[in-house]
Amino acid sequence: MKIDTRKFGEIEIDETKILTMPDGLLGFPGFERFALLEDPKTVPFCWFQSLEESNLALVVMNPFLFMQDYKLDLDGFVAAKGWKGVKAEELQIYVVVNISQGEEGKKVTANLQGPLVININNNEAFQVVIPDSVYSYQHNILEAS
């Protein structure tokens, strides 16, 4: 399947890799189909690309790369989604990353309060909101490493 992207232009993706977000993405209602795009030039960052809007692509990354002790209690979430029997290793976790340049230099932050959870068995994805979290929605990745 060919898709248009702002970052990569028109690209071919494997249709079996299409992720559905039945509840959509926070702040972007109505967009429910995405693909996780990886580019060797931007590792460890990936792109969470909308298939419905070429300009909607979020930079994401695996939070365990910069915070090995990041903990999420997903049991209730998995049960609420009806993902019976899904094991932790069948879930991929990503956090949205914001890269900005300010007076103090480059700042790279991650939203640890709203991770994306992908069930690799059925290609469903959801954004989980963790209320009253000990984690920040603007965790400075550069300070952490």
# chains A, B, ... in the order shown; residues from 1 in each chain; ligands from 1
>>> select_by_dssp(residues="region 17-94 of chain A", states="strand (DSSP E)", output="PyMOL selection string")
chain A and resi 19-20+33-38+46-50+57-61+91-94
>>> residues_around(residues="Leu72 (chain A)", least_positions_apart="3", cutoff="10 Å", atoms="only C-alpha atoms", output="list of chain:residue names")
A:Asp69, A:Asp75, A:Ile93, A:Leu112, A:Gln113, A:Pro115, A:Val128, A:Ile130, A:Ser133
>>> closest_residue(among="A:Ala79, A:Ala57, A:Met67, A:Leu116", to="His139 (chain A)", atoms="only C-alpha atoms")
A:Met67
>>> select_by_dssp(residues="region 8-126 of chain A", states="helix (DSSP H, G or I)", output="MDAnalysis selection string")
chainID A and resid 15:17 40:42 63:65 75:80 88:90
>>> residues_around(residues="Tyr137 (chain A)", least_positions_apart="6", cutoff="12 Å", atoms="only C-alpha atoms", output="list in words")
Val95, Val96, Val97, Asn98, Val108, Thr109, Ala110, Asn111, Leu112, Gln113, Gly114, Pro115, Val129, Ile130 and Pro131 of chain A
>>> write_last_selection(atoms="N, CA and C atoms", output="PDB file, in the first residue's frame")
ATOM      1  N   VAL A  95       6.594   6.342  23.611  1.00  0.00           N
ATOM      2  CA  VAL A  95       6.198   7.638  24.148  1.00  0.00           C
ATOM      3  C   VAL A  95       6.412   8.692  23.077  1.00  0.00           C
ATOM      4  N   VAL A  96       5.545   9.697  23.098  1.00  0.00           N
ATOM      5  CA  VAL A  96       5.650  10.792  22.143  1.00  0.00           C
ATOM      6  C   VAL A  96       6.783  11.709  22.589  1.00  0.00           C
ATOM      7  N   VAL A  97       7.607  12.083  21.636  1.00  0.00           N
ATOM      8  CA  VAL A  97       8.791  12.902  21.903  1.00  0.00           C
ATOM      9  C   VAL A  97       8.618  14.270  21.257  1.00  0.00           C
ATOM     10  N   ASN A  98       9.054  15.292  21.971  1.00  0.00           N
ATOM     11  CA  ASN A  98       9.037  16.658  21.450  1.00  0.00           C
ATOM     12  C   ASN A  98      10.475  17.156  21.411  1.00  0.00           C
ATOM     13  N   VAL A 108      14.898  17.865  24.385  1.00  0.00           N
ATOM     14  CA  VAL A 108      14.178  16.689  23.924  1.00  0.00           C
ATOM     15  C   VAL A 108      13.410  16.133  25.119  1.00  0.00           C
ATOM     16  N   THR A 109      12.082  16.177  25.014  1.00  0.00           N
ATOM     17  CA  THR A 109      11.257  15.703  26.118  1.00  0.00           C
ATOM     18  C   THR A 109      10.334  14.580  25.646  1.00  0.00           C
ATOM     19  N   ALA A 110       9.928  13.759  26.598  1.00  0.00           N
ATOM     20  CA  ALA A 110       9.032  12.637  26.304  1.00  0.00           C
ATOM     21  C   ALA A 110       7.821  12.707  27.228  1.00  0.00           C
ATOM     22  N   ASN A 111       6.669  12.362  26.682  1.00  0.00           N
ATOM     23  CA  ASN A 111       5.435  12.312  27.457  1.00  0.00           C
ATOM     24  C   ASN A 111       5.303  10.928  28.079  1.00  0.00           C
ATOM     25  N   LEU A 112       5.736  10.800  29.320  1.00  0.00           N
ATOM     26  CA  LEU A 112       5.657   9.519  30.026  1.00  0.00           C
ATOM     27  C   LEU A 112       4.283   9.282  30.643  1.00  0.00           C
ATOM     28  N   GLN A 113       3.428  10.312  30.651  1.00  0.00           N
ATOM     29  CA  GLN A 113       2.083  10.167  31.206  1.00  0.00           C
ATOM     30  C   GLN A 113       1.071   9.670  30.181  1.00  0.00           C
ATOM     31  N   GLY A 114       1.426   9.706  28.910  1.00  0.00           N
ATOM     32  CA  GLY A 114       0.489   9.299  27.862  1.00  0.00           C
ATOM     33  C   GLY A 114       1.116   8.375  26.838  1.00  0.00           C
ATOM     34  N   PRO A 115       1.623   7.214  27.274  1.00  0.00           N
ATOM     35  CA  PRO A 115       2.298   6.316  26.328  1.00  0.00           C
ATOM     36  C   PRO A 115       1.335   5.701  25.310  1.00  0.00           C
ATOM     37  N   VAL A 129      -3.697   7.168  29.231  1.00  0.00           N
ATOM     38  CA  VAL A 129      -3.446   8.345  30.055  1.00  0.00           C
ATOM     39  C   VAL A 129      -3.316   7.867  31.493  1.00  0.00           C
ATOM     40  N   ILE A 130      -2.198   8.208  32.104  1.00  0.00           N
ATOM     41  CA  ILE A 130      -1.930   7.775  33.469  1.00  0.00           C
ATOM     42  C   ILE A 130      -2.185   8.953  34.405  1.00  0.00           C
ATOM     43  N   PRO A 131      -3.378   9.009  35.027  1.00  0.00           N
ATOM     44  CA  PRO A 131      -3.663  10.120  35.941  1.00  0.00           C
ATOM     45  C   PRO A 131      -2.852   9.980  37.229  1.00  0.00           C
TER      46      PRO A 131
END
>>> residues_around(residues="region 61-64 of chain A", least_positions_apart="6", cutoff="6 Å", atoms="only C-alpha atoms", output="list in words")
Phe45, Cys46, Tyr94 and Val95 of chain A
>>> write_last_selection(atoms="C-alpha atoms", output="PDB file, in the first residue's frame")
ATOM      1  CA  PHE A  45      13.333   7.790  17.109  1.00  0.00           C
ATOM      2  CA  CYS A  46      10.454   6.434  14.995  1.00  0.00           C
ATOM      3  CA  TYR A  94       6.232   4.095  22.846  1.00  0.00           C
ATOM      4  CA  VAL A  95       6.198   7.638  24.148  1.00  0.00           C
TER       5      VAL A  95
END
>>> atom_distance(atom1="CA of Asp14 (chain A)", atom2="CA of Gln49 (chain A)")
13.5 Å
>>> atom_distance(atom1="CA of Lys107 (chain A)", atom2="CA of Leu25 (chain A)")
23.7 Å
>>> closest_residue(among="A:Glu124, A:Asp4, A:Glu52, A:Asp132", to="Pro29 (chain A)", atoms="only C-alpha atoms")
A:Glu52
>>> closest_residue(among="A:Phe126, A:Ala35, A:Gly9, A:Pro44", to="Leu91 (chain A)", atoms="only C-alpha atoms")
A:Phe126
>>> closest_residue(among="A:Trp47, A:Phe66, A:Phe28, A:Phe34", to="Thr16 (chain A)", atoms="only C-alpha atoms")
A:Phe34
>>> closest_residue(among="A:Gly82, A:Met1, A:Gln92, A:Gly105", to="Glu15 (chain A)", atoms="only C-alpha atoms")
A:Met1
>>> decode(residues="region 97-111 of chain A", atoms="N, CA and C atoms", output="PDB file, in the first residue's frame")
ATOM      1  N   VAL A  97       7.607  12.083  21.636  1.00  0.00           N
ATOM      2  CA  VAL A  97       8.791  12.902  21.903  1.00  0.00           C
ATOM      3  C   VAL A  97       8.618  14.270  21.257  1.00  0.00           C
ATOM      4  N   ASN A  98       9.054  15.292  21.971  1.00  0.00           N
ATOM      5  CA  ASN A  98       9.037  16.658  21.450  1.00  0.00           C
ATOM      6  C   ASN A  98      10.475  17.156  21.411  1.00  0.00           C
ATOM      7  N   ILE A  99      10.900  17.594  20.247  1.00  0.00           N
ATOM      8  CA  ILE A  99      12.254  18.126  20.083  1.00  0.00           C
ATOM      9  C   ILE A  99      12.127  19.604  19.765  1.00  0.00           C
ATOM     10  N   SER A 100      12.712  20.435  20.615  1.00  0.00           N
ATOM     11  CA  SER A 100      12.608  21.878  20.403  1.00  0.00           C
ATOM     12  C   SER A 100      13.975  22.536  20.563  1.00  0.00           C
ATOM     13  N   GLN A 101      14.109  23.685  19.961  1.00  0.00           N
ATOM     14  CA  GLN A 101      15.348  24.467  20.047  1.00  0.00           C
ATOM     15  C   GLN A 101      14.980  25.800  20.686  1.00  0.00           C
ATOM     16  N   GLY A 102      15.592  26.095  21.814  1.00  0.00           N
ATOM     17  CA  GLY A 102      15.316  27.350  22.506  1.00  0.00           C
ATOM     18  C   GLY A 102      16.595  28.081  22.837  1.00  0.00           C
ATOM     19  N   GLU A 103      16.454  29.096  23.652  1.00  0.00           N
ATOM     20  CA  GLU A 103      17.614  29.895  24.052  1.00  0.00           C
ATOM     21  C   GLU A 103      18.657  29.055  24.783  1.00  0.00           C
ATOM     22  N   GLU A 104      18.183  28.041  25.486  1.00  0.00           N
ATOM     23  CA  GLU A 104      19.084  27.187  26.267  1.00  0.00           C
ATOM     24  C   GLU A 104      19.629  26.016  25.454  1.00  0.00           C
ATOM     25  N   GLY A 105      19.345  25.984  24.170  1.00  0.00           N
ATOM     26  CA  GLY A 105      19.806  24.886  23.318  1.00  0.00           C
ATOM     27  C   GLY A 105      18.700  23.903  23.015  1.00  0.00           C
ATOM     28  N   LYS A 106      19.082  22.756  22.516  1.00  0.00           N
ATOM     29  CA  LYS A 106      18.124  21.723  22.131  1.00  0.00           C
ATOM     30  C   LYS A 106      17.539  21.057  23.364  1.00  0.00           C
ATOM     31  N   LYS A 107      16.235  20.852  23.317  1.00  0.00           N
ATOM     32  CA  LYS A 107      15.540  20.188  24.407  1.00  0.00           C
ATOM     33  C   LYS A 107      14.733  19.043  23.813  1.00  0.00           C
ATOM     34  N   VAL A 108      14.898  17.865  24.385  1.00  0.00           N
ATOM     35  CA  VAL A 108      14.178  16.689  23.924  1.00  0.00           C
ATOM     36  C   VAL A 108      13.410  16.133  25.119  1.00  0.00           C
ATOM     37  N   THR A 109      12.082  16.177  25.014  1.00  0.00           N
ATOM     38  CA  THR A 109      11.257  15.703  26.118  1.00  0.00           C
ATOM     39  C   THR A 109      10.334  14.580  25.646  1.00  0.00           C
ATOM     40  N   ALA A 110       9.928  13.759  26.598  1.00  0.00           N
ATOM     41  CA  ALA A 110       9.032  12.637  26.304  1.00  0.00           C
ATOM     42  C   ALA A 110       7.821  12.707  27.228  1.00  0.00           C
ATOM     43  N   ASN A 111       6.669  12.362  26.682  1.00  0.00           N
ATOM     44  CA  ASN A 111       5.435  12.312  27.457  1.00  0.00           C
ATOM     45  C   ASN A 111       5.303  10.928  28.079  1.00  0.00           C
TER      46      ASN A 111
END
